[in-house]
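Peer 1: File name protein_32.txt; file contents compact mmCIF, C-alpha atoms; full text below.
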# COMPACT_ATOMS: atom_id res chain seq x y z
CA MET R 1 29.43 -22.61 16.68
CA THR R 2 27.42 -19.61 17.88
CA LYS R 3 28.74 -16.39 16.41
CA GLU R 4 29.72 -13.80 19.00
CA VAL R 5 27.71 -10.59 18.83
CA VAL R 6 29.48 -7.71 20.54
CA PRO R 7 27.25 -5.10 22.23
CA PRO R 8 27.60 -1.52 21.08
CA ARG R 9 29.32 0.89 23.46
CA VAL R 10 26.99 3.40 25.09
CA ASP R 11 28.86 5.30 27.77
CA GLY R 12 27.40 5.85 31.23
CA LEU R 13 24.94 2.95 31.42
CA ILE R 14 23.71 1.35 34.63
CA ASP R 15 22.32 -2.17 34.68
CA ALA R 16 19.55 -1.55 37.21
CA HIS R 17 18.83 -5.24 37.87
CA CYS R 18 21.03 -8.30 37.39
CA HIS R 19 21.96 -11.52 39.20
CA LEU R 20 25.74 -11.69 39.12
CA ASP R 21 25.86 -14.77 41.34
CA HIS R 22 24.09 -16.92 38.75
CA ALA R 23 25.99 -19.03 36.22
CA PRO R 24 27.68 -18.38 33.88
CA MET R 25 28.47 -14.91 35.28
CA SER R 26 29.39 -16.29 38.68
CA GLU R 27 32.17 -18.33 37.10
CA ASP R 28 34.15 -15.14 36.38
CA THR R 29 32.69 -12.03 37.97
CA ALA R 30 35.68 -9.90 37.00
CA ALA R 31 35.27 -10.82 33.33
CA THR R 32 31.53 -10.12 33.47
CA LEU R 33 32.12 -6.66 34.92
CA ALA R 34 34.89 -5.97 32.42
CA ALA R 35 32.61 -6.91 29.53
CA GLY R 36 30.02 -4.55 30.94
CA ASN R 37 32.58 -1.77 31.24
CA ALA R 38 33.56 -2.32 27.59
CA ALA R 39 29.92 -1.73 26.60
CA GLY R 40 29.80 1.46 28.69
CA VAL R 41 28.22 0.05 31.86
CA VAL R 42 29.64 1.92 34.86
CA GLN R 43 27.48 0.54 37.69
CA PHE R 44 25.64 -2.71 38.38
CA VAL R 45 22.69 -3.37 40.72
CA HIS R 46 22.91 -6.99 41.85
CA VAL R 47 19.81 -8.63 43.33
CA GLY R 48 19.97 -11.39 45.92
CA CYS R 49 16.43 -12.69 46.15
CA SER R 50 16.54 -15.79 48.34
CA LYS R 51 17.58 -16.48 51.94
CA GLU R 52 20.69 -18.25 50.70
CA SER R 53 21.84 -15.38 48.47
CA HIS R 54 21.67 -12.33 50.75
CA ALA R 55 25.11 -12.60 52.31
CA ARG R 56 26.56 -13.35 48.89
CA ALA R 57 24.93 -10.22 47.48
CA VAL R 58 26.41 -8.00 50.17
CA ALA R 59 29.83 -9.63 49.74
CA LEU R 60 29.75 -9.02 45.99
CA ALA R 61 28.93 -5.36 46.50
CA GLN R 62 31.65 -4.98 49.11
CA ALA R 63 34.22 -6.59 46.82
CA HIS R 64 33.44 -4.46 43.75
CA PRO R 65 32.92 -0.70 44.17
CA GLU R 66 30.79 -0.50 41.02
CA VAL R 67 28.33 -3.14 42.31
CA PHE R 68 25.44 -2.41 44.69
CA ALA R 69 23.17 -4.94 46.40
CA VAL R 70 19.42 -5.42 46.70
CA VAL R 71 18.16 -8.05 49.15
CA GLY R 72 14.74 -9.63 49.48
CA ILE R 73 12.61 -12.70 48.80
CA HIS R 74 11.47 -13.40 45.25
CA PRO R 75 7.78 -14.29 44.78
CA HIS R 76 8.88 -17.82 43.84
CA GLU R 77 10.40 -18.12 47.34
CA ALA R 78 7.57 -16.30 49.15
CA SER R 79 6.83 -19.29 51.38
CA SER R 80 10.14 -18.56 53.15
CA THR R 81 9.12 -15.03 54.21
CA ASP R 82 8.80 -15.31 57.97
CA ALA R 83 9.83 -13.23 60.98
CA GLU R 84 13.35 -14.67 61.03
CA THR R 85 13.89 -13.98 57.35
CA LEU R 86 12.61 -10.42 57.68
CA ALA R 87 14.94 -9.83 60.64
CA ASP R 88 17.86 -11.14 58.57
CA LEU R 89 16.90 -8.80 55.74
CA GLU R 90 16.84 -5.85 58.08
CA ALA R 91 20.25 -6.79 59.42
CA MET R 92 21.64 -6.92 55.89
CA THR R 93 20.48 -3.37 55.24
CA GLN R 94 22.92 -2.10 57.85
CA SER R 95 25.51 -2.34 55.09
CA THR R 96 25.74 0.87 53.07
CA ARG R 97 26.17 -1.34 50.00
CA VAL R 98 22.49 -2.40 50.22
CA VAL R 99 20.39 0.11 48.30
CA ALA R 100 16.90 -1.45 48.11
CA ILE R 101 14.58 -4.21 49.32
CA GLY R 102 13.49 -6.92 46.91
CA GLU R 103 12.73 -8.32 44.57
CA THR R 104 9.28 -9.01 45.89
CA GLY R 105 5.85 -8.96 44.30
CA LEU R 106 3.46 -11.35 42.59
CA ASP R 107 4.13 -13.96 39.93
CA TYR R 108 0.85 -15.55 38.92
CA PHE R 109 2.37 -17.09 35.79
CA TYR R 110 4.46 -19.72 37.60
CA ASP R 111 2.75 -19.73 41.05
CA ARG R 112 5.78 -21.40 42.64
CA SER R 113 4.56 -20.14 46.01
CA SER R 114 0.89 -19.90 46.83
CA ARG R 115 -0.78 -16.64 45.94
CA GLU R 116 -1.60 -15.91 49.56
CA GLU R 117 2.07 -16.42 50.50
CA GLN R 118 3.07 -14.08 47.69
CA ARG R 119 0.63 -11.41 48.82
CA HIS R 120 1.84 -11.71 52.42
CA SER R 121 5.49 -11.47 51.36
CA MET R 122 4.86 -8.40 49.21
CA ARG R 123 3.08 -6.62 52.06
CA GLU R 124 5.90 -7.44 54.48
CA HIS R 125 8.54 -6.13 52.06
CA LEU R 126 6.61 -2.90 51.50
CA THR R 127 6.24 -2.40 55.24
CA LEU R 128 9.97 -3.01 55.73
CA SER R 129 10.93 -0.66 52.92
CA ARG R 130 8.82 2.09 54.45
CA ARG R 131 10.27 1.59 57.93
CA LEU R 132 13.85 1.53 56.63
CA ASN R 133 13.25 4.33 54.09
CA LEU R 134 14.59 2.18 51.27
CA PRO R 135 13.01 1.71 47.84
CA VAL R 136 11.45 -1.61 46.96
CA VAL R 137 12.05 -3.65 43.79
CA LEU R 138 8.87 -5.28 42.46
CA HIS R 139 8.52 -8.35 40.25
CA ILE R 140 5.02 -8.43 38.75
CA ARG R 141 3.89 -11.04 36.25
CA ASP R 142 0.27 -11.62 35.26
CA ALA R 143 -0.83 -9.84 38.45
CA HIS R 144 -0.68 -6.07 37.97
CA GLN R 145 -4.15 -5.23 39.25
CA GLU R 146 -3.76 -7.19 42.47
CA ALA R 147 -0.21 -5.89 42.98
CA LEU R 148 -1.41 -2.33 42.49
CA GLN R 149 -4.12 -2.86 45.08
CA ILE R 150 -1.58 -4.16 47.60
CA ALA R 151 0.72 -1.21 46.86
CA ARG R 152 -2.15 1.20 47.52
CA GLU R 153 -3.19 -0.55 50.74
CA THR R 154 0.36 -1.09 52.05
CA PRO R 155 2.43 1.77 50.65
CA GLY R 156 6.19 1.82 50.74
CA ARG R 157 8.10 4.99 51.45
CA ASP R 158 6.41 8.29 50.63
CA THR R 159 8.68 9.51 47.83
CA MET R 160 10.21 7.37 45.09
CA PRO R 161 8.83 4.15 46.61
CA GLY R 162 10.66 1.87 44.18
CA MET R 163 10.78 0.30 40.74
CA VAL R 164 8.69 -2.20 38.83
CA HIS R 165 11.53 -4.22 37.38
CA CYS R 166 11.32 -5.90 33.98
CA PHE R 167 8.11 -4.06 33.18
CA THR R 168 6.06 -6.23 30.81
CA ALA R 169 2.64 -4.59 30.62
CA GLY R 170 1.20 -1.71 28.62
CA PRO R 171 0.49 2.00 29.02
CA THR R 172 -2.57 1.53 31.25
CA GLU R 173 -0.62 -0.43 33.87
CA ALA R 174 2.38 1.85 33.41
CA LYS R 175 0.29 4.92 34.21
CA ALA R 176 -1.12 3.26 37.33
CA TRP R 177 2.36 2.51 38.69
CA LEU R 178 3.63 5.95 37.72
CA ASP R 179 0.68 7.53 39.53
CA LEU R 180 1.84 5.71 42.69
CA GLY R 181 5.32 7.22 42.27
CA TYR R 182 7.12 4.13 40.95
CA HIS R 183 9.88 4.01 38.36
CA LEU R 184 9.60 1.57 35.44
CA SER R 185 12.59 -0.58 34.50
CA PHE R 186 12.71 -2.08 31.02
CA SER R 187 14.62 -5.22 30.05
CA GLY R 188 15.46 -7.05 26.85
CA ILE R 189 11.84 -8.19 26.56
CA ALA R 190 11.04 -4.69 25.28
CA THR R 191 13.16 -5.46 22.19
CA PHE R 192 11.20 -8.60 21.23
CA PRO R 193 9.29 -8.23 17.94
CA LYS R 194 5.82 -8.97 19.34
CA CYS R 195 6.09 -6.73 22.41
CA ASP R 196 4.53 -3.59 20.95
CA GLU R 197 2.47 -2.93 24.09
CA ILE R 198 5.62 -2.76 26.21
CA ARG R 199 7.19 -0.36 23.71
CA ASP R 200 4.06 1.80 23.98
CA ALA R 201 4.79 1.98 27.72
CA VAL R 202 8.41 2.87 26.92
CA ARG R 203 7.22 5.77 24.76
CA MET R 204 4.94 7.24 27.41
CA CYS R 205 7.25 6.73 30.40
CA PRO R 206 8.40 10.14 31.71
CA SER R 207 12.07 10.95 31.24
CA ASP R 208 12.63 11.05 35.00
CA ARG R 209 11.12 7.60 35.67
CA ILE R 210 12.68 5.25 33.10
CA LEU R 211 15.35 2.71 34.02
CA LEU R 212 17.25 0.10 31.98
CA GLU R 213 18.18 -3.41 33.09
CA THR R 214 19.13 -6.87 31.89
CA ASP R 215 17.82 -9.26 34.59
CA ALA R 216 20.91 -11.24 33.56
CA PRO R 217 21.37 -14.12 33.05
CA TYR R 218 17.75 -14.08 31.83
CA LEU R 219 15.84 -12.21 29.10
CA SER R 220 18.60 -11.47 26.60
CA PRO R 221 17.60 -8.75 24.14
CA VAL R 222 17.54 -8.96 20.38
CA PRO R 223 20.01 -9.73 18.71
CA VAL R 224 21.26 -12.17 21.40
CA ARG R 225 17.86 -13.48 22.45
CA GLY R 226 18.00 -17.10 23.56
CA ARG R 227 21.56 -16.88 24.90
CA ASP R 228 22.70 -16.33 28.48
CA ASN R 229 22.33 -12.66 29.26
CA GLN R 230 24.98 -10.41 30.82
CA PRO R 231 25.07 -6.76 31.94
CA ALA R 232 26.91 -5.67 28.77
CA ASN R 233 23.75 -6.44 26.80
CA VAL R 234 21.89 -3.53 28.40
CA ALA R 235 23.56 -1.54 25.61
CA PHE R 236 21.46 -3.39 23.01
CA THR R 237 18.30 -2.55 24.95
CA CYS R 238 19.34 1.08 25.28
CA VAL R 239 19.90 1.48 21.54
CA ARG R 240 16.55 -0.13 20.66
CA LEU R 241 14.50 1.79 23.20
CA ALA R 242 16.20 5.07 22.37
CA ALA R 243 14.93 4.61 18.82
CA VAL R 244 11.44 3.89 20.18
CA ARG R 245 11.57 7.13 22.18
CA GLU R 246 13.14 9.08 19.29
CA GLN R 247 16.22 10.09 21.24
CA THR R 248 19.88 9.17 21.07
CA PRO R 249 21.25 6.16 22.97
CA ALA R 250 23.61 8.49 24.82
CA ASN R 251 20.70 10.62 25.97
CA LEU R 252 18.63 7.64 27.14
CA ALA R 253 21.65 6.12 28.91
CA THR R 254 22.21 9.37 30.80
CA LEU R 255 18.55 9.75 31.75
CA ALA R 256 18.21 6.14 32.93
CA ALA R 257 21.48 6.26 34.88
CA ASP R 258 20.56 9.55 36.56
CA ASN R 259 17.16 8.09 37.49
CA THR R 260 18.73 4.93 38.91
CA ARG R 261 21.14 6.94 41.04
CA ALA R 262 18.35 9.18 42.30
CA LEU R 263 16.08 6.25 43.20
CA LEU R 264 18.74 4.10 44.85
CA ALA R 265 20.93 6.91 46.24
CA LEU R 266 23.98 5.65 44.36
CA PRO R 267 27.15 7.70 44.30
CA PRO R 268 28.56 8.80 40.95
CA PRO R 269 30.81 6.15 39.41
CA ALA R 270 34.51 6.59 40.10
CA SER R 271 35.17 7.57 36.50
CA ILE R 272 32.98 10.68 36.78
CA ALA R 273 33.15 11.39 40.50
CA GLN R 274 33.64 15.05 41.26
CA PRO R 275 36.71 16.14 43.26
CA VAL R 276 36.08 16.92 46.92
Let me see the structure of the file written as structure tokens.
Peer 2:
Amino acid sequence: MTKEVVPPRVDGLIDAHCHLDHAPMSEDTAATLAAGNAAGVVQFVHVGCSKESHARAVALAQAHPEVFAVVGIHPHEASSTDAETLADLEAMTQSTRVVAIGETGLDYFYDRSSREEQRHSMREHLTLSRRLNLPVVLHIRDAHQEALQIARETPGRDTMPGMVHCFTAGPTEAKAWLDLGYHLSFSGIATFPKCDEIRDAVRMCPSDRILLETDAPYLSPVPVRGRDNQPANVAFTCVRLAAVREQTPANLATLAADNTRALLALPPPASIAQPV
């Protein structure tokens, strides 16, 4: 029997990127959110990244006031990015619960869509994000230089263009994305023992550009690596990366949450909302 490991409580966290409609979380969304709340997570950014998941993402965000939706086409699904799909995406953004476009980008590790299809899809998402004045969520794996070139040639919106989610490169790539105005979002991978280069990027990331995420149900942090991830586990990542940055978990949680709200134009959570 696998021993349960309970995340620490770090108040005020936001999970800036998760997939609540994936099993096992989808089997009991209320329990997943409650577990997150118990670990101090007050808001959740749910990403629907295939044609089939967009309506579900908006419905989840409408059903739960602490959940917000991102809609787009994942690089693995890039072959499905056509005019009809882009029109559907734009229609979805009419909901105030949709806060960003994505995740899009380049994944040259798996290459589940052709590289040309991935490049085309990324450009289309950036163009859409600029036209709609919404940030874009980027997924970049083994393709930072080419993705950076596309981002320079086809820029998103002028200010706070978006986030590089699950950032898995080093300080050189981090600086290049920061220079383009992007935020960097760090997942449980940054807690893995051999990922010193990512932690170097964590150290140098400016306090107003760092975000925290789980990418649940994937990429569980130490000490729950190898198990299904959930938003509550962002607390483990926060504690580890706060130590890397030589600050308190509470301080990092506040910084990352404030940055997420600023980037995605999220309201304050109900628990700390100011009276009108």
Peer 1: At most 9 Å from (23.9, 2.7, 44.7), file frame, all atoms listed in the file: which residues, as a short mmCIF file (atom, residue, chain, number, x, y, z; two decimals) with C-alpha atoms, in the frame of the given file?
Peer 2:
data_model
loop_
_atom_site.label_atom_id
_atom_site.label_comp_id
_atom_site.auth_asym_id
_atom_site.auth_seq_id
_atom_site.Cartn_x
_atom_site.Cartn_y
_atom_site.Cartn_z
CA GLN R 43 27.48 0.54 37.69
CA PHE R 44 25.64 -2.71 38.38
CA VAL R 45 22.69 -3.37 40.72
CA GLU R 66 30.79 -0.50 41.02
CA VAL R 67 28.33 -3.14 42.31
CA PHE R 68 25.44 -2.41 44.69
CA ALA R 69 23.17 -4.94 46.40
CA THR R 96 25.74 0.87 53.07
CA ARG R 97 26.17 -1.34 50.00
CA VAL R 98 22.49 -2.40 50.22
CA VAL R 99 20.39 0.11 48.30
CA ALA R 100 16.90 -1.45 48.11
CA THR R 260 18.73 4.93 38.91
CA ARG R 261 21.14 6.94 41.04
CA ALA R 262 18.35 9.18 42.30
CA LEU R 263 16.08 6.25 43.20
CA LEU R 264 18.74 4.10 44.85
CA ALA R 265 20.93 6.91 46.24
CA LEU R 266 23.98 5.65 44.36
CA PRO R 267 27.15 7.70 44.30
CA PRO R 268 28.56 8.80 40.95
#
Peer 1: Nearest to R:Glu116 among R:Asn133, R:Ser207, R:Thr81, R:Thr248, with distances taken over all atoms listed in the file: which residue is it?
Peer 2: R:Thr81
Peer 1: Counting only C-alpha atoms, which residues have an atom no more than 12 Å from (17.9, -24.3, 48.0) in the file's coordinates? Please list them as number ranges by chain.
Peer 2: R: 49-53, 76-77, 80
Peer 1: Save out the residues we just selected, C-alpha atoms, as a PDB file, keeping the file's coordinate frame.
Peer 2:
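Wrote it out as out-v2.pdb, contents follow:
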ATOM      1  CA  CYS R  49      16.430 -12.690  46.150  1.00  0.00           C
ATOM      2  CA  SER R  50      16.540 -15.790  48.340  1.00  0.00           C
ATOM      3  CA  LYS R  51      17.580 -16.480  51.940  1.00  0.00           C
ATOM      4  CA  GLU R  52      20.690 -18.250  50.700  1.00  0.00           C
ATOM      5  CA  SER R  53      21.840 -15.380  48.470  1.00  0.00           C
ATOM      6  CA  HIS R  76       8.880 -17.820  43.840  1.00  0.00           C
ATOM      7  CA  GLU R  77      10.400 -18.120  47.340  1.00  0.00           C
ATOM      8  CA  SER R  80      10.140 -18.560  53.150  1.00  0.00           C
TER       9      SER R  80
END
Peer 1: Expressed in Å to a single decimal, how great is the separation between atom CA of R:Pro206 and atom CA of R:Phe186?
Peer 2: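 So the answer is 13.0 Å.
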Peer 1: If we count only C-alpha atoms, what is near R:His19 at a cut-off of 8 Å, once residues fewer than 4 positions away on the same chain are taken out, given as a VMD selection string?
Peer 2: chain R and resid 46 to 48 215 to 217
Peer 1: Any idea what's packed within 7 Å of R:Asp107, counting all atoms listed in the file, ignoring anything in its chain fewer than 4 positions away? Could you give it as a PyMOL selection string?
Peer 2: chain R and resi 75+111+140-143
Peer 1: Could you state the separation of atom CA of R:Asp179 and atom CA of R:Gly105 in Å, given to one decimal place?
Peer 2: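 Pair atom CA of R:Asp179 / atom CA of R:Gly105 returns 17.9 Å.
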Peer 1: Determine the nearest neighbour of R:Thr254 from the options R:Asp11, R:Glu213, R:Asp28, R:Glu4, counting all atoms listed in the file.
Peer 2: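 Among the listed residues, the smallest separation from R:Thr254 belongs to R:Asp11.
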Peer 1: Using all atoms listed in the file, which protein or nucleic acid residues come within 12 Å of R:Asn37? Drop anything in the same chain fewer than 6 positions from it, and give the result as a ChimeraX atom specification.
Peer 2: /R:7-15,30-31,43-44,66-67,230-235,269,271
Peer 1: Could you give me, as a VMD selection string, the residues within 10 Å of R:Glu90, counting all atoms listed in the file and dropping anything in the same chain fewer than 2 positions from it?
Peer 2: chain R and resid 71 to 72 84 to 88 92 to 95 101 128 to 129 131 to 132
Peer 1: When you get a chance, write out N, CA and C atoms for stretch 210-246 of chain R, as a PDB file, keeping the file's coordinate frame.
Peer 2:
ATOM      1  N   ILE R 210      12.314   6.433  33.868  1.00  0.00           N
ATOM      2  CA  ILE R 210      12.680   5.250  33.100  1.00  0.00           C
ATOM      3  C   ILE R 210      14.043   4.724  33.542  1.00  0.00           C
ATOM      4  N   LEU R 211      14.119   3.398  33.678  1.00  0.00           N
ATOM      5  CA  LEU R 211      15.350   2.710  34.020  1.00  0.00           C
ATOM      6  C   LEU R 211      15.608   1.613  32.977  1.00  0.00           C
ATOM      7  N   LEU R 212      16.859   1.168  32.900  1.00  0.00           N
ATOM      8  CA  LEU R 212      17.250   0.100  31.980  1.00  0.00           C
ATOM      9  C   LEU R 212      17.910  -1.025  32.767  1.00  0.00           C
ATOM     10  N   GLU R 213      17.628  -2.255  32.380  1.00  0.00           N
ATOM     11  CA  GLU R 213      18.180  -3.410  33.090  1.00  0.00           C
ATOM     12  C   GLU R 213      18.347  -4.591  32.141  1.00  0.00           C
ATOM     13  N   THR R 214      19.036  -5.631  32.652  1.00  0.00           N
ATOM     14  CA  THR R 214      19.130  -6.870  31.890  1.00  0.00           C
ATOM     15  C   THR R 214      18.335  -8.015  32.525  1.00  0.00           C
ATOM     16  N   ASP R 215      18.276  -8.081  33.861  1.00  0.00           N
ATOM     17  CA  ASP R 215      17.820  -9.260  34.590  1.00  0.00           C
ATOM     18  C   ASP R 215      18.716 -10.459  34.263  1.00  0.00           C
ATOM     19  N   ALA R 216      19.960 -10.179  33.884  1.00  0.00           N
ATOM     20  CA  ALA R 216      20.910 -11.240  33.560  1.00  0.00           C
ATOM     21  C   ALA R 216      21.034 -12.229  34.713  1.00  0.00           C
ATOM     22  N   PRO R 217      21.105 -13.529  34.360  1.00  0.00           N
ATOM     23  CA  PRO R 217      21.370 -14.120  33.050  1.00  0.00           C
ATOM     24  C   PRO R 217      20.129 -14.444  32.216  1.00  0.00           C
ATOM     25  N   TYR R 218      19.005 -13.810  32.539  1.00  0.00           N
ATOM     26  CA  TYR R 218      17.750 -14.080  31.830  1.00  0.00           C
ATOM     27  C   TYR R 218      17.440 -12.961  30.822  1.00  0.00           C
ATOM     28  N   LEU R 219      16.492 -13.234  29.923  1.00  0.00           N
ATOM     29  CA  LEU R 219      15.840 -12.210  29.100  1.00  0.00           C
ATOM     30  C   LEU R 219      16.779 -11.441  28.179  1.00  0.00           C
ATOM     31  N   SER R 220      17.672 -12.142  27.524  1.00  0.00           N
ATOM     32  CA  SER R 220      18.600 -11.470  26.600  1.00  0.00           C
ATOM     33  C   SER R 220      17.846 -10.734  25.507  1.00  0.00           C
ATOM     34  N   PRO R 221      18.286  -9.527  25.176  1.00  0.00           N
ATOM     35  CA  PRO R 221      17.600  -8.750  24.140  1.00  0.00           C
ATOM     36  C   PRO R 221      17.964  -9.229  22.740  1.00  0.00           C
ATOM     37  N   VAL R 222      17.156  -8.832  21.773  1.00  0.00           N
ATOM     38  CA  VAL R 222      17.540  -8.960  20.380  1.00  0.00           C
ATOM     39  C   VAL R 222      18.796  -8.093  20.190  1.00  0.00           C
ATOM     40  N   PRO R 223      19.867  -8.564  19.569  1.00  0.00           N
ATOM     41  CA  PRO R 223      20.010  -9.730  18.710  1.00  0.00           C
ATOM     42  C   PRO R 223      20.645 -10.948  19.375  1.00  0.00           C
ATOM     43  N   VAL R 224      20.664 -11.016  20.716  1.00  0.00           N
ATOM     44  CA  VAL R 224      21.260 -12.170  21.400  1.00  0.00           C
ATOM     45  C   VAL R 224      20.190 -12.942  22.170  1.00  0.00           C
ATOM     46  N   ARG R 225      18.956 -12.780  21.792  1.00  0.00           N
ATOM     47  CA  ARG R 225      17.860 -13.480  22.450  1.00  0.00           C
ATOM     48  C   ARG R 225      18.099 -14.991  22.392  1.00  0.00           C
ATOM     49  N   GLY R 226      17.821 -15.659  23.504  1.00  0.00           N
ATOM     50  CA  GLY R 226      18.000 -17.100  23.560  1.00  0.00           C
ATOM     51  C   GLY R 226      19.338 -17.520  24.135  1.00  0.00           C
ATOM     52  N   ARG R 227      20.265 -16.583  24.298  1.00  0.00           N
ATOM     53  CA  ARG R 227      21.560 -16.880  24.900  1.00  0.00           C
ATOM     54  C   ARG R 227      21.557 -16.396  26.357  1.00  0.00           C
ATOM     55  N   ASP R 228      22.551 -16.848  27.122  1.00  0.00           N
ATOM     56  CA  ASP R 228      22.700 -16.330  28.480  1.00  0.00           C
ATOM     57  C   ASP R 228      22.934 -14.832  28.423  1.00  0.00           C
ATOM     58  N   ASN R 229      22.218 -14.114  29.244  1.00  0.00           N
ATOM     59  CA  ASN R 229      22.330 -12.660  29.260  1.00  0.00           C
ATOM     60  C   ASN R 229      23.486 -12.233  30.163  1.00  0.00           C
ATOM     61  N   GLN R 230      23.959 -10.995  29.969  1.00  0.00           N
ATOM     62  CA  GLN R 230      24.980 -10.410  30.820  1.00  0.00           C
ATOM     63  C   GLN R 230      24.775  -8.903  30.826  1.00  0.00           C
ATOM     64  N   PRO R 231      25.312  -8.207  31.834  1.00  0.00           N
ATOM     65  CA  PRO R 231      25.070  -6.760  31.940  1.00  0.00           C
ATOM     66  C   PRO R 231      25.468  -5.971  30.704  1.00  0.00           C
ATOM     67  N   ALA R 232      26.493  -6.392  29.977  1.00  0.00           N
ATOM     68  CA  ALA R 232      26.910  -5.670  28.770  1.00  0.00           C
ATOM     69  C   ALA R 232      25.767  -5.507  27.785  1.00  0.00           C
ATOM     70  N   ASN R 233      24.826  -6.457  27.796  1.00  0.00           N
ATOM     71  CA  ASN R 233      23.750  -6.440  26.800  1.00  0.00           C
ATOM     72  C   ASN R 233      22.702  -5.361  27.062  1.00  0.00           C
ATOM     73  N   VAL R 234      22.797  -4.668  28.194  1.00  0.00           N
ATOM     74  CA  VAL R 234      21.890  -3.530  28.400  1.00  0.00           C
ATOM     75  C   VAL R 234      22.111  -2.473  27.327  1.00  0.00           C
ATOM     76  N   ALA R 235      23.289  -2.485  26.700  1.00  0.00           N
ATOM     77  CA  ALA R 235      23.560  -1.540  25.610  1.00  0.00           C
ATOM     78  C   ALA R 235      22.651  -1.800  24.413  1.00  0.00           C
ATOM     79  N   PHE R 236      22.398  -3.074  24.091  1.00  0.00           N
ATOM     80  CA  PHE R 236      21.460  -3.390  23.010  1.00  0.00           C
ATOM     81  C   PHE R 236      20.069  -2.833  23.309  1.00  0.00           C
ATOM     82  N   THR R 237      19.622  -3.029  24.546  1.00  0.00           N
ATOM     83  CA  THR R 237      18.300  -2.550  24.950  1.00  0.00           C
ATOM     84  C   THR R 237      18.232  -1.034  24.876  1.00  0.00           C
ATOM     85  N   CYS R 238      19.300  -0.381  25.319  1.00  0.00           N
ATOM     86  CA  CYS R 238      19.340   1.080  25.280  1.00  0.00           C
ATOM     87  C   CYS R 238      19.206   1.602  23.854  1.00  0.00           C
ATOM     88  N   VAL R 239      19.942   1.023  22.930  1.00  0.00           N
ATOM     89  CA  VAL R 239      19.900   1.480  21.540  1.00  0.00           C
ATOM     90  C   VAL R 239      18.502   1.300  20.953  1.00  0.00           C
ATOM     91  N   ARG R 240      17.883   0.132  21.216  1.00  0.00           N
ATOM     92  CA  ARG R 240      16.550  -0.130  20.660  1.00  0.00           C
ATOM     93  C   ARG R 240      15.499   0.789  21.255  1.00  0.00           C
ATOM     94  N   LEU R 241      15.544   0.982  22.563  1.00  0.00           N
ATOM     95  CA  LEU R 241      14.500   1.790  23.200  1.00  0.00           C
ATOM     96  C   LEU R 241      14.725   3.273  22.964  1.00  0.00           C
ATOM     97  N   ALA R 242      15.957   3.680  22.750  1.00  0.00           N
ATOM     98  CA  ALA R 242      16.200   5.070  22.370  1.00  0.00           C
ATOM     99  C   ALA R 242      15.537   5.374  21.037  1.00  0.00           C
ATOM    100  N   ALA R 243      15.602   4.424  20.106  1.00  0.00           N
ATOM    101  CA  ALA R 243      14.930   4.610  18.820  1.00  0.00           C
ATOM    102  C   ALA R 243      13.417   4.693  19.001  1.00  0.00           C
ATOM    103  N   VAL R 244      12.880   3.861  19.886  1.00  0.00           N
ATOM    104  CA  VAL R 244      11.440   3.890  20.180  1.00  0.00           C
ATOM    105  C   VAL R 244      11.032   5.260  20.713  1.00  0.00           C
ATOM    106  N   ARG R 245      11.885   5.844  21.557  1.00  0.00           N
ATOM    107  CA  ARG R 245      11.570   7.130  22.180  1.00  0.00           C
ATOM    108  C   ARG R 245      12.051   8.326  21.356  1.00  0.00           C
ATOM    109  N   GLU R 246      12.657   8.042  20.199  1.00  0.00           N
ATOM    110  CA  GLU R 246      13.140   9.080  19.290  1.00  0.00           C
ATOM    111  C   GLU R 246      14.150   9.999  19.982  1.00  0.00           C
TER     112      GLU R 246
END
